[in-house]
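Chemist: Submitted below is the structure of interest, expressed as structure tokens.
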Amino acid sequence: MELNDLKSGWQNAGGAFKSEADLQKMTQVTHHPSLKKIRTKLIIETIGLVFFLFVYYDWFDGGKKPFSANVLLVSSLLLYILNDVIGYISIARPIRGINLKLSIQNYLTGIKRISVFSVIISFLYGISIIVFLTSVINFTKEKKLILAGIIVVLFQMILLSFKIWTKRIKNLKQQVKDFNLDEEK
Amino acid sequence: MEKEFLKTIHDYQKIIYKICRVYRDSREDQEDLFQEIVYQLWKSYPAFKRESKVSSWIYRIALNTAIAVYRKSKLSIEYYEEFPEHIHPSDEKIVSENEERLFWALRKLNDSEKAIISLYLEDFSYQEIAEIAGLSETNIGVRLNRIKNKLKEILK
């Protein structure tokens, strides 16, 4: 195949495979391949966390815990929900500029910012739950072991989240690098 | 507005189809990307002022989406390291094989190269390619030469 054939091959490729009805479905989040799942997860998580905020004071003896532990728990939960919502909006909007180079650079900057906040807030969220549950408690050897286990799981989850973000950022950095090639010379 | 949008995308869907075939290997991933692109086009449609050609706008959004949207990691299997047969453009079946060979070769390029060569193959001018990509015309010229040589090697 000669290079000249590529143009005609390209221009003749494809067809009108999708009907307008098919295309109309694709404009909705409910038919989106990934956003649909992320949005469902976000809604379930938010409902669960808001429910927890309403009941934790009675169910987990919020009145017997220090005021600071209550404030830390409530603020970290609210931050966690806020970060989830901002993360969703950010991922759903990859078009960030008038051309490819600018858009991908801006998208990378946004994703980097979200990843830092996400890891910090997840850490704060985990710590606040541990602080809340362990304040005003008599520690036995078993309870200390359980606490150590919870901390290990928490760090594993944060590490996993960090790795996922790093992979995504590495991929975007490579795209930005490719677009900047030769331009910097 | 929705009717007008759907008619436009219906008429220009070949572009989306081609971008999906260049940027994704499996049929399932291509279908997912197609949906993602239509969704992003719909979201950006209100801001489209028709100052540029419809095809330029679709290419910009489609390429941006294909490059930026995170790809699911998969097993590192190279399906077609070498294309199986030589192609003789004489009948329908062969034409389809030719098309397959074209996309196979294009998939060997990196993402920015895929964007530039797609625009070139669609017959956009260097100036239009430069505007969509956000690069200078000189840079587009240099890159296109490099990409053409790379494709010659791949298709040898």
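Chain lettering (A, B, ...) mirrors the order of the structure tokens, residue numbering begins at 1 for each chain separately, and ligand numbering begins at 1 in order of display.
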Residues of chain A within 7 Å of chain B, counting only C-alpha atoms, what are they? List them as a PyMOL selection string.
Modeler: chain A and resi 1+6-7+9-11+13-16+19-20+23-24+26-28+32-33+94-95+99-102+104+168+172+175+178-179+182-183
Chemist: Name the residues in contact with Pro66 (chain A) at a cut-off of 12 Å, using only C-alpha atoms, excluding same-chain residues fewer than 5 positions from it; report them as a list in words.
Modeler: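 Contacts, with the query itself left out: Tyr57, Asp61, Val71, Leu72, Leu73, Val131, Phe132, Leu133, Thr134, Ser135, Val136 and Ile137 of chain A.
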Chemist: Do you know which residues are at most 8 Å from Ile121 (chain A) counting only C-alpha atoms, after dropping those on the same chain fewer than 3 positions away, and could you put them as an MDAnalysis selection string?
Modeler: chainID A and resid 76 79:80 83 117:118 124:125
Chemist: I need the chosen residues saved as a PDB file, in the first residue's frame, with N, CA and C atoms.
Modeler:
ATOM      1  N   SER A  76     -14.163  16.211  57.820  1.00  0.00           N
ATOM      2  CA  SER A  76     -13.478  15.334  56.851  1.00  0.00           C
ATOM      3  C   SER A  76     -14.486  14.589  55.974  1.00  0.00           C
ATOM      4  N   LEU A  79     -15.682  17.116  53.436  1.00  0.00           N
ATOM      5  CA  LEU A  79     -14.607  17.324  52.448  1.00  0.00           C
ATOM      6  C   LEU A  79     -14.525  16.154  51.480  1.00  0.00           C
ATOM      7  N   TYR A  80     -14.704  14.947  52.026  1.00  0.00           N
ATOM      8  CA  TYR A  80     -14.639  13.737  51.205  1.00  0.00           C
ATOM      9  C   TYR A  80     -15.747  13.753  50.130  1.00  0.00           C
ATOM     10  N   ASN A  83     -14.947  16.464  47.554  1.00  0.00           N
ATOM     11  CA  ASN A  83     -13.867  16.035  46.669  1.00  0.00           C
ATOM     12  C   ASN A  83     -14.360  15.020  45.629  1.00  0.00           C
ATOM     13  N   PHE A 117      -5.455  16.452  46.211  1.00  0.00           N
ATOM     14  CA  PHE A 117      -6.546  16.646  47.172  1.00  0.00           C
ATOM     15  C   PHE A 117      -7.173  15.311  47.556  1.00  0.00           C
ATOM     16  N   SER A 118      -7.345  14.459  46.546  1.00  0.00           N
ATOM     17  CA  SER A 118      -7.992  13.177  46.786  1.00  0.00           C
ATOM     18  C   SER A 118      -7.213  12.336  47.803  1.00  0.00           C
ATOM     19  N   LEU A 124      -7.077  12.086  55.564  1.00  0.00           N
ATOM     20  CA  LEU A 124      -7.737  12.825  56.643  1.00  0.00           C
ATOM     21  C   LEU A 124      -9.025  12.117  57.084  1.00  0.00           C
ATOM     22  N   TYR A 125      -9.769  11.624  56.096  1.00  0.00           N
ATOM     23  CA  TYR A 125     -11.025  10.917  56.331  1.00  0.00           C
ATOM     24  C   TYR A 125     -10.782   9.656  57.177  1.00  0.00           C
TER      25      TYR A 125
END
Chemist: In Å to one decimal, how far is CA of Ser161 (chain A) from CA of Leu145 (chain A)?
Modeler: 24.5 Å
Chemist: So how many Å separate CA of Val50 (chain A) and CA of Lys144 (chain A), to one decimal?
Modeler: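 So the answer is 29.0 Å.
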Chemist: CA of Ala105 (chain B) and CA of Ile154 (chain B), how far apart in Å?
Modeler: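 Interatomic distance here is 6.3 Å.
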